[in-house]
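Colleague: Before I ask anything, let me first share the structure, which is written out below as structure tokens.
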Amino acid sequence: MPSEPTIIRTPIQMQAHGHALRAAGKRIGFVPTMGALHAGHLSLIDYVRQECDVVVASIFVNPLQFDRAEDLDTYPRTFEADRALCAQRGTDVIFCPTAPAMYPEGYCTKVSVPGMSGLLCGKVRTGHFDGVTTVVLKLFNAVLPHLAAFGEKDYQQLTLIKRMALDLGLDVAVVGRPTVREADGLAMSSRNVHLSPEERQRALALWRGLQKARALADAGQTEARVLLDAARQEIEAVKPTRLEYIEIVDSTNLESLERLDRPARMAMAVWLGSTRLIDNAPLN
Ligand code: AMP
């Protein structure tokens with residue numbers, strides 16, 4: 001039986017632990033999460049365990065990245081179950097700071113990756129990605145990881161964090177890992193618990209749309225408009241509450257493409273009732 005993870009609740013204690021591990025020559029791997037852990041998170045923990053000597057997972061529902069108070073209030077919080085899963089997967093440390101520990105009285109500094117953070121999800125979720133890059137840099141400063149793993153499920157987030165690490169010369173390898181899906185193709189997400197059984201069924205249209213576009217691209221179609229129409233048809237067939245966006249973008253800088261003439265991804269955000277789902281996949 002793997003041992004219980006050490007629980008660390010303040011950035012100062014986490015940083016002291018990180019320094020001690022580094023002094024002992026340990027390679028630190030890090031998986032930042034907001035908890036409500038599922039197989040997607042666990043795949044990141046498994047990956048980091050293979051690559052590093054010590055695995056740190058953070059569980060922090062970061063208020064700075066929520067653009068809707070309701071989403072923050074209803075975000076699932078399942079600490080005891082998360083702790084058990086972390087123990088099962090050989091996580092050494094769970095870093096779970098409180099919001100006041102991360103953002104003490106008077107806190108005001110933000111880290112921003114302009115341009116890219118205003119595309120795709122950033123068009124509607126104003127300020128969301130500034131909240132993400134800010135918290136990730138703060139978490140990196142506390143954990144002092146050599147490597148940090150992020151899911152491609154949140155492809156824009158992964159791309160922004162890679163950019164931030166490059167721009168600021170951070171001494172951490174940012175690694176993207178494939179999206180883990182349910183058997184029927186739905187991308188795992190902590191927010192899936194909010195879907196009614198009927199919405200859960202309709203949610204499969206996102207994956208169907210991505211697959212349809214990919215099949216056309218595999219068959220030689222390079223016009224973004226044609227691929228987008230095909231995917232949109234699948235999604236509109238299930239009458240979503242709202243199709244927020246569907247785009248084909250350059251895999252590196254997230255700029256919208258008209259033609260598949262470089263590595264590209266299709267990305268979308270779809271509302272079913274009060275739940276917002278995102279998904280994406282490479283097209284070539
Ligand atoms: P979250 O707890 O939603 O903030 O996610 C924490 C990390 O897990 C992020 O790097 C996410 O991209 C990643 N993640 C979330 N869902 C999945 C999934 N279905 N497959 C792979 N990684 C995921």
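Chain labels run A, B, ... following the order of the structure tokens; each chain numbers its residues from 1, and ligands are numbered from 1 in the order shown.
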Could you give me, as a list in words, every polymer residue with an atom at most 6 Å away from an atom of ligand 1, counting only C-alpha atoms and all ligand atoms?
Modeller: Pro32, Thr33, Met34, Gly35, Gly40, His41, Phe150, Gly151, Glu152, Lys153, Asp154, Pro178, Thr179, Val180, Arg181, Ala187, Met188 and Ser189 of chain A
Colleague: List the spatial neighbours of A:Lys239 as a ChimeraX atom specification - criterion: any atom at most 12 Å away, only C-alpha atoms, same-chain residues fewer than 4 positions off excluded.
Modeller: /A:198-199,201-203,205-206,232-235,243,270-273
Colleague: Next, write the just-selected residues to a file, as an mmCIF file, in the first residue's frame, keeping C-alpha atoms as the atom set.
Modeller:
data_model
loop_
_atom_site.group_PDB
_atom_site.id
_atom_site.type_symbol
_atom_site.label_atom_id
_atom_site.label_comp_id
_atom_site.auth_asym_id
_atom_site.auth_seq_id
_atom_site.Cartn_x
_atom_site.Cartn_y
_atom_site.Cartn_z
ATOM 1 C CA GLU A 198 -30.173 13.863 -20.851
ATOM 2 C CA GLU A 199 -27.524 16.635 -21.166
ATOM 3 C CA GLN A 201 -26.131 12.212 -23.743
ATOM 4 C CA ARG A 202 -26.291 15.414 -25.818
ATOM 5 C CA ALA A 203 -22.749 16.304 -24.702
ATOM 6 C CA ALA A 205 -21.994 15.790 -29.907
ATOM 7 C CA LEU A 206 -18.734 17.645 -29.106
ATOM 8 C CA ARG A 232 -21.190 22.476 -36.231
ATOM 9 C CA GLN A 233 -23.874 20.304 -37.804
ATOM 10 C CA GLU A 234 -23.244 17.551 -35.234
ATOM 11 C CA ILE A 235 -23.432 20.017 -32.371
ATOM 12 C CA LEU A 243 -22.598 27.154 -29.126
ATOM 13 C CA VAL A 270 -20.715 24.538 -25.830
ATOM 14 C CA TRP A 271 -23.337 25.205 -23.150
ATOM 15 C CA LEU A 272 -25.843 22.535 -22.146
ATOM 16 C CA GLY A 273 -28.220 24.055 -19.613
#
Colleague: Which residues in stretch 54-141 of chain A does DSSP call strand (DSSP E)? List them as a list of chain:residue names.
Modeller: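 Result set for stretch 54-141 of chain A (strand (DSSP E)): A:Val54, A:Val55, A:Val56, A:Ala57, A:Ser58, A:Ile59, A:Val93, A:Ile94, A:Phe95.
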Colleague: Go ahead and dump the residues you just picked, all heavy atoms, as a CSV table (one decimal), in the first residue's frame.
Modeller:
chain,number,residue,atom,x,y,z
A,54,VAL,N,9.7,12.8,-7.0
A,54,VAL,CA,8.7,13.2,-6.0
A,54,VAL,C,7.5,13.8,-6.8
A,54,VAL,O,7.7,14.6,-7.7
A,54,VAL,CB,9.3,14.3,-5.0
A,54,VAL,CG1,8.2,14.8,-4.1
A,54,VAL,CG2,10.5,13.7,-4.3
A,55,VAL,N,6.3,13.4,-6.4
A,55,VAL,CA,5.1,13.9,-7.0
A,55,VAL,C,4.4,14.8,-6.1
A,55,VAL,O,4.0,14.4,-5.0
A,55,VAL,CB,4.2,12.8,-7.4
A,55,VAL,CG1,2.9,13.4,-8.1
A,55,VAL,CG2,4.9,11.8,-8.3
A,56,VAL,N,4.2,16.1,-6.5
A,56,VAL,CA,3.4,17.0,-5.8
A,56,VAL,C,2.1,17.3,-6.6
A,56,VAL,O,2.2,17.7,-7.8
A,56,VAL,CB,4.1,18.4,-5.5
A,56,VAL,CG1,3.2,19.3,-4.7
A,56,VAL,CG2,5.4,18.1,-4.8
A,57,ALA,N,0.9,17.2,-6.0
A,57,ALA,CA,-0.3,17.6,-6.6
A,57,ALA,C,-0.9,18.7,-5.8
A,57,ALA,O,-0.9,18.7,-4.6
A,57,ALA,CB,-1.3,16.5,-6.7
A,58,SER,N,-1.3,19.8,-6.5
A,58,SER,CA,-2.0,20.9,-5.7
A,58,SER,C,-3.5,20.7,-5.9
A,58,SER,O,-4.0,20.3,-7.0
A,58,SER,CB,-1.5,22.2,-6.1
A,58,SER,OG,-1.8,22.5,-7.4
A,59,ILE,N,-4.2,21.1,-4.9
A,59,ILE,CA,-5.7,21.2,-5.0
A,59,ILE,C,-6.0,22.6,-4.5
A,59,ILE,O,-5.9,22.9,-3.3
A,59,ILE,CB,-6.4,20.1,-4.1
A,59,ILE,CG1,-6.0,18.7,-4.6
A,59,ILE,CG2,-7.9,20.3,-4.1
A,59,ILE,CD1,-6.5,17.6,-3.8
A,93,VAL,N,3.1,14.5,-2.0
A,93,VAL,CA,2.6,15.7,-1.3
A,93,VAL,C,1.4,16.3,-2.0
A,93,VAL,O,1.3,16.4,-3.2
A,93,VAL,CB,3.7,16.8,-1.4
A,93,VAL,CG1,3.2,18.1,-0.8
A,93,VAL,CG2,5.0,16.4,-0.8
A,94,ILE,N,0.4,16.6,-1.1
A,94,ILE,CA,-0.8,17.4,-1.6
A,94,ILE,C,-0.6,18.8,-1.0
A,94,ILE,O,-0.5,19.0,0.2
A,94,ILE,CB,-2.1,16.8,-1.1
A,94,ILE,CG1,-2.3,15.4,-1.6
A,94,ILE,CG2,-3.3,17.7,-1.6
A,94,ILE,CD1,-3.6,14.7,-1.2
A,95,PHE,N,-0.5,19.8,-2.0
A,95,PHE,CA,-0.4,21.2,-1.6
A,95,PHE,C,-1.8,21.8,-1.7
A,95,PHE,O,-2.3,21.9,-2.8
A,95,PHE,CB,0.6,21.9,-2.5
A,95,PHE,CG,0.7,23.4,-2.2
A,95,PHE,CD1,0.7,23.9,-0.9
A,95,PHE,CD2,0.9,24.3,-3.3
A,95,PHE,CE1,0.8,25.2,-0.7
A,95,PHE,CE2,1.0,25.6,-3.1
A,95,PHE,CZ,1.0,26.1,-1.8
Colleague: What's around A:Gln211 at 10 Å? Count only C-alpha atoms, leave out sequence neighbours fewer than 3 positions away in its own chain, and write the answer as a PDB file with all heavy atoms, in the first residue's frame.
Modeller:
ATOM      1  N   GLY A 185     -16.429   8.744 -25.306  1.00  0.00           N
ATOM      2  CA  GLY A 185     -15.752   9.867 -25.967  1.00  0.00           C
ATOM      3  C   GLY A 185     -15.853  11.191 -25.232  1.00  0.00           C
ATOM      4  O   GLY A 185     -15.092  12.123 -25.523  1.00  0.00           O
ATOM      5  N   ALA A 205     -22.084  15.121 -28.601  1.00  0.00           N
ATOM      6  CA  ALA A 205     -21.994  15.790 -29.907  1.00  0.00           C
ATOM      7  C   ALA A 205     -20.649  16.508 -30.079  1.00  0.00           C
ATOM      8  O   ALA A 205     -20.174  16.663 -31.209  1.00  0.00           O
ATOM      9  CB  ALA A 205     -23.143  16.769 -30.068  1.00  0.00           C
ATOM     10  N   LEU A 206     -20.035  16.943 -28.989  1.00  0.00           N
ATOM     11  CA  LEU A 206     -18.734  17.645 -29.106  1.00  0.00           C
ATOM     12  C   LEU A 206     -17.701  16.701 -29.705  1.00  0.00           C
ATOM     13  O   LEU A 206     -17.004  17.037 -30.664  1.00  0.00           O
ATOM     14  CB  LEU A 206     -18.244  18.140 -27.738  1.00  0.00           C
ATOM     15  CG  LEU A 206     -18.852  19.432 -27.191  1.00  0.00           C
ATOM     16  CD1 LEU A 206     -20.237  19.197 -26.633  1.00  0.00           C
ATOM     17  CD2 LEU A 206     -17.952  20.058 -26.130  1.00  0.00           C
ATOM     18  N   TRP A 207     -17.641  15.509 -29.139  1.00  0.00           N
ATOM     19  CA  TRP A 207     -16.656  14.521 -29.610  1.00  0.00           C
ATOM     20  C   TRP A 207     -16.998  14.054 -31.021  1.00  0.00           C
ATOM     21  O   TRP A 207     -16.130  13.905 -31.872  1.00  0.00           O
ATOM     22  CB  TRP A 207     -16.611  13.349 -28.617  1.00  0.00           C
ATOM     23  CG  TRP A 207     -15.676  12.233 -28.948  1.00  0.00           C
ATOM     24  CD1 TRP A 207     -15.989  10.902 -28.950  1.00  0.00           C
ATOM     25  CD2 TRP A 207     -14.278  12.306 -29.297  1.00  0.00           C
ATOM     26  NE1 TRP A 207     -14.887  10.148 -29.280  1.00  0.00           N
ATOM     27  CE2 TRP A 207     -13.822  10.997 -29.498  1.00  0.00           C
ATOM     28  CE3 TRP A 207     -13.385  13.363 -29.470  1.00  0.00           C
ATOM     29  CZ2 TRP A 207     -12.515  10.698 -29.865  1.00  0.00           C
ATOM     30  CZ3 TRP A 207     -12.081  13.073 -29.855  1.00  0.00           C
ATOM     31  CH2 TRP A 207     -11.652  11.760 -30.037  1.00  0.00           C
ATOM     32  N   ARG A 208     -18.314  13.879 -31.278  1.00  0.00           N
ATOM     33  CA  ARG A 208     -18.726  13.474 -32.632  1.00  0.00           C
ATOM     34  C   ARG A 208     -18.307  14.534 -33.640  1.00  0.00           C
ATOM     35  O   ARG A 208     -17.799  14.216 -34.717  1.00  0.00           O
ATOM     36  CB  ARG A 208     -20.249  13.280 -32.700  1.00  0.00           C
ATOM     37  CG  ARG A 208     -20.726  11.906 -32.262  1.00  0.00           C
ATOM     38  CD  ARG A 208     -22.116  11.606 -32.828  1.00  0.00           C
ATOM     39  NE  ARG A 208     -23.113  12.569 -32.407  1.00  0.00           N
ATOM     40  CZ  ARG A 208     -23.814  12.472 -31.296  1.00  0.00           C
ATOM     41  NH1 ARG A 208     -23.649  11.426 -30.494  1.00  0.00           N
ATOM     42  NH2 ARG A 208     -24.700  13.392 -30.970  1.00  0.00           N
ATOM     43  N   ARG A 214     -12.119  15.589 -38.096  1.00  0.00           N
ATOM     44  CA  ARG A 214     -10.832  14.911 -38.248  1.00  0.00           C
ATOM     45  C   ARG A 214     -10.879  13.906 -39.401  1.00  0.00           C
ATOM     46  O   ARG A 214      -9.921  13.782 -40.157  1.00  0.00           O
ATOM     47  CB  ARG A 214     -10.440  14.219 -36.951  1.00  0.00           C
ATOM     48  CG  ARG A 214      -8.978  13.849 -36.902  1.00  0.00           C
ATOM     49  CD  ARG A 214      -8.440  13.943 -35.532  1.00  0.00           C
ATOM     50  NE  ARG A 214      -9.129  12.962 -34.696  1.00  0.00           N
ATOM     51  CZ  ARG A 214      -8.793  12.717 -33.432  1.00  0.00           C
ATOM     52  NH1 ARG A 214      -7.812  13.386 -32.870  1.00  0.00           N
ATOM     53  NH2 ARG A 214      -9.434  11.831 -32.728  1.00  0.00           N
ATOM     54  N   ALA A 215     -12.009  13.219 -39.545  1.00  0.00           N
ATOM     55  CA  ALA A 215     -12.137  12.249 -40.645  1.00  0.00           C
ATOM     56  C   ALA A 215     -12.045  12.975 -41.988  1.00  0.00           C
ATOM     57  O   ALA A 215     -11.378  12.504 -42.915  1.00  0.00           O
ATOM     58  CB  ALA A 215     -13.461  11.494 -40.519  1.00  0.00           C
ATOM     59  N   LEU A 216     -12.701  14.129 -42.086  1.00  0.00           N
ATOM     60  CA  LEU A 216     -12.632  14.900 -43.338  1.00  0.00           C
ATOM     61  C   LEU A 216     -11.203  15.378 -43.602  1.00  0.00           C
ATOM     62  O   LEU A 216     -10.716  15.328 -44.733  1.00  0.00           O
ATOM     63  CB  LEU A 216     -13.579  16.104 -43.270  1.00  0.00           C
ATOM     64  CG  LEU A 216     -15.068  15.794 -43.362  1.00  0.00           C
ATOM     65  CD1 LEU A 216     -15.895  17.040 -43.060  1.00  0.00           C
ATOM     66  CD2 LEU A 216     -15.411  15.268 -44.758  1.00  0.00           C
ATOM     67  N   ALA A 217     -10.530  15.848 -42.537  1.00  0.00           N
ATOM     68  CA  ALA A 217      -9.144  16.310 -42.691  1.00  0.00           C
ATOM     69  C   ALA A 217      -8.250  15.145 -43.119  1.00  0.00           C
ATOM     70  O   ALA A 217      -7.404  15.296 -44.006  1.00  0.00           O
ATOM     71  CB  ALA A 217      -8.644  16.932 -41.394  1.00  0.00           C
ATOM     72  N   ALA A 230     -19.086  20.904 -40.809  1.00  0.00           N
ATOM     73  CA  ALA A 230     -19.375  19.500 -40.495  1.00  0.00           C
ATOM     74  C   ALA A 230     -19.509  19.304 -38.983  1.00  0.00           C
ATOM     75  O   ALA A 230     -20.436  18.643 -38.502  1.00  0.00           O
ATOM     76  CB  ALA A 230     -18.273  18.604 -41.064  1.00  0.00           C
ATOM     77  N   ALA A 231     -18.584  19.882 -38.241  1.00  0.00           N
ATOM     78  CA  ALA A 231     -18.621  19.730 -36.777  1.00  0.00           C
ATOM     79  C   ALA A 231     -19.821  20.463 -36.192  1.00  0.00           C
ATOM     80  O   ALA A 231     -20.518  19.958 -35.308  1.00  0.00           O
ATOM     81  CB  ALA A 231     -17.324  20.256 -36.174  1.00  0.00           C
ATOM     82  N   ALA A 281      -9.283  18.957 -30.415  1.00  0.00           N
ATOM     83  CA  ALA A 281      -8.505  17.819 -30.913  1.00  0.00           C
ATOM     84  C   ALA A 281      -7.613  18.302 -32.055  1.00  0.00           C
ATOM     85  O   ALA A 281      -7.953  19.267 -32.745  1.00  0.00           O
ATOM     86  CB  ALA A 281      -9.438  16.715 -31.418  1.00  0.00           C
ATOM     87  N   PRO A 282      -6.473  17.621 -32.225  1.00  0.00           N
ATOM     88  CA  PRO A 282      -5.617  17.980 -33.368  1.00  0.00           C
ATOM     89  C   PRO A 282      -6.281  17.525 -34.662  1.00  0.00           C
ATOM     90  O   PRO A 282      -7.028  16.551 -34.667  1.00  0.00           O
ATOM     91  CB  PRO A 282      -4.338  17.185 -33.111  1.00  0.00           C
ATOM     92  CG  PRO A 282      -4.733  16.055 -32.224  1.00  0.00           C
ATOM     93  CD  PRO A 282      -5.943  16.507 -31.456  1.00  0.00           C
ATOM     94  N   LEU A 283      -6.015  18.243 -35.757  1.00  0.00           N
ATOM     95  CA  LEU A 283      -6.632  17.882 -37.040  1.00  0.00           C
ATOM     96  C   LEU A 283      -5.610  17.298 -38.010  1.00  0.00           C
ATOM     97  O   LEU A 283      -5.980  16.755 -39.044  1.00  0.00           O
ATOM     98  CB  LEU A 283      -7.278  19.115 -37.670  1.00  0.00           C
ATOM     99  CG  LEU A 283      -8.572  19.595 -36.989  1.00  0.00           C
ATOM    100  CD1 LEU A 283      -9.061  20.869 -37.645  1.00  0.00           C
ATOM    101  CD2 LEU A 283      -9.646  18.525 -37.021  1.00  0.00           C
TER     102      LEU A 283
END
Colleague: Quick one: residues within 6 Å of A:Ile248, only C-alpha atoms, excluding same-chain residues fewer than 5 positions away - as a CSV table (one decimal) with N, CA and C atoms, in the first residue's frame?
Modeller:
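Written output follows (selection_33.csv):
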chain,number,residue,atom,x,y,z
A,256,SER,N,-6.7,32.0,-35.5
A,256,SER,CA,-7.7,31.3,-36.3
A,256,SER,C,-7.1,31.0,-37.7
A,257,LEU,N,-7.4,29.9,-38.3
A,257,LEU,CA,-6.9,29.5,-39.6
A,257,LEU,C,-8.0,29.3,-40.6
A,265,ARG,N,-5.6,22.8,-34.6
A,265,ARG,CA,-6.6,22.1,-33.7
A,265,ARG,C,-7.9,22.7,-33.9
A,266,MET,N,-8.9,21.9,-33.7
A,266,MET,CA,-10.3,22.4,-33.6
A,266,MET,C,-10.6,22.5,-32.2
Colleague: Smallest atom-to-atom distance to A:Leu21: which of A:Thr241, A:Gln156, A:Cys121, A:Val143, using only C-alpha atoms?
Modeller: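 Nearest candidate to A:Leu21 out of A:Thr241, A:Gln156, A:Cys121, A:Val143: A:Val143.
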Colleague: Could you tell me how far atom CA of A:Asp67 lies from atom CA of A:Asp130, in Å and to one decimal?
Modeller: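 Taking atom CA of A:Asp67 and atom CA of A:Asp130, their separation equals 11.0 Å.
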Colleague: For atom CA of A:Leu120 and atom CA of A:Asn280, determine how far apart the two atoms are, in Å to one decimal place.
Modeller: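 Calculated distance between atom CA of A:Leu120 and atom CA of A:Asn280 is 11.2 Å.
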Colleague: Using DSSP secondary structure from the backbone, list all helix (DSSP H, G or I) positions within stretch 12-175 of chain A, as an NGL selection string.
Modeller: :A and (12-23 or 39-51 or 63-65 or 69-74 or 79-88 or 99-102 or 116-118 or 120-123 or 128-143 or 152-167)
Colleague: Could you produce a table of the residues of stretch 7-64 of chain A lying within 10 Å of stretch 71-81 of chain A, with the nearest pair of atoms per residue and their separation in Å rounded to one decimal, using only C-alpha atoms, ordered by chain and increasing residue number, as CSV?
Modeller:
residue,atom,partner,partner_atom,distance
A:Met34,CA,A:Arg77,CA,8.4
A:Gly35,CA,A:Arg77,CA,6.6
A:Ala36,CA,A:Thr78,CA,5.3
A:Leu37,CA,A:Thr78,CA,8.0
A:Ile59,CA,A:Phe79,CA,8.3
A:Phe60,CA,A:Arg77,CA,9.7
A:Val61,CA,A:Leu72,CA,7.9
A:Asn62,CA,A:Leu72,CA,8.6
A:Pro63,CA,A:Leu72,CA,6.8
A:Leu64,CA,A:Leu72,CA,9.8
Colleague: Let me see the file: selected residues, N, CA and C atoms, as a tab-separated table (two decimals), in the first residue's frame.
Modeller:
chain	number	residue	atom	x	y	z
A	34	MET	N	-7.69	21.66	-9.51
A	34	MET	CA	-8.69	22.30	-8.64
A	34	MET	C	-9.47	21.23	-7.88
A	35	GLY	N	-8.95	20.00	-7.85
A	35	GLY	CA	-9.61	18.94	-7.10
A	35	GLY	C	-10.75	18.31	-7.87
A	36	ALA	N	-11.64	17.58	-7.15
A	36	ALA	CA	-12.68	16.76	-7.79
A	36	ALA	C	-11.99	15.86	-8.82
A	37	LEU	N	-11.00	15.14	-8.34
A	37	LEU	CA	-10.10	14.42	-9.24
A	37	LEU	C	-10.81	13.29	-10.00
A	59	ILE	N	-4.23	21.09	-4.88
A	59	ILE	CA	-5.69	21.17	-4.96
A	59	ILE	C	-6.04	22.57	-4.47
A	60	PHE	N	-6.44	23.40	-5.40
A	60	PHE	CA	-6.76	24.79	-5.04
A	60	PHE	C	-7.79	25.32	-6.03
A	61	VAL	N	-8.98	25.60	-5.53
A	61	VAL	CA	-10.02	26.19	-6.38
A	61	VAL	C	-9.74	27.69	-6.38
A	62	ASN	N	-9.12	28.12	-7.45
A	62	ASN	CA	-8.54	29.46	-7.53
A	62	ASN	C	-9.59	30.53	-7.84
A	63	PRO	N	-9.98	31.33	-6.85
A	63	PRO	CA	-11.06	32.31	-7.11
A	63	PRO	C	-10.73	33.27	-8.24
A	64	LEU	N	-9.43	33.55	-8.43
A	64	LEU	CA	-9.01	34.54	-9.42
A	64	LEU	C	-9.37	34.14	-10.87
Colleague: Which neighbours of A:Pro114 fall inside 10 Å, counting only C-alpha atoms, when residues of the same chain fewer than 2 positions from it are skipped, and could you give them as a PyMOL selection string?
Modeller: chain A and resi 111-112+116-119+129-130+160
Colleague: Would you put the residues from that selection into a file with C-alpha atoms, as a short mmCIF file (atom, residue, chain, number, x, y, z; two decimals), in the first residue's frame?
Modeller:
data_model
loop_
_atom_site.label_atom_id
_atom_site.label_comp_id
_atom_site.auth_asym_id
_atom_site.auth_seq_id
_atom_site.Cartn_x
_atom_site.Cartn_y
_atom_site.Cartn_z
CA VAL A 111 0.69 37.80 -14.64
CA SER A 112 -0.80 38.19 -18.06
CA MET A 116 -3.36 34.75 -26.75
CA SER A 117 -5.38 35.04 -23.52
CA GLY A 118 -8.10 36.99 -25.37
CA LEU A 119 -8.69 34.31 -28.03
CA PHE A 129 -6.53 33.34 -18.15
CA ASP A 130 -4.83 36.11 -16.16
CA LEU A 160 -0.45 30.07 -22.40
#
Colleague: Between A:Tyr155, A:Thr6, A:Leu170, A:Gly220, which residue has the minimum interatomic distance to A:Asp250, considering only C-alpha atoms?
Modeller: A:Tyr155
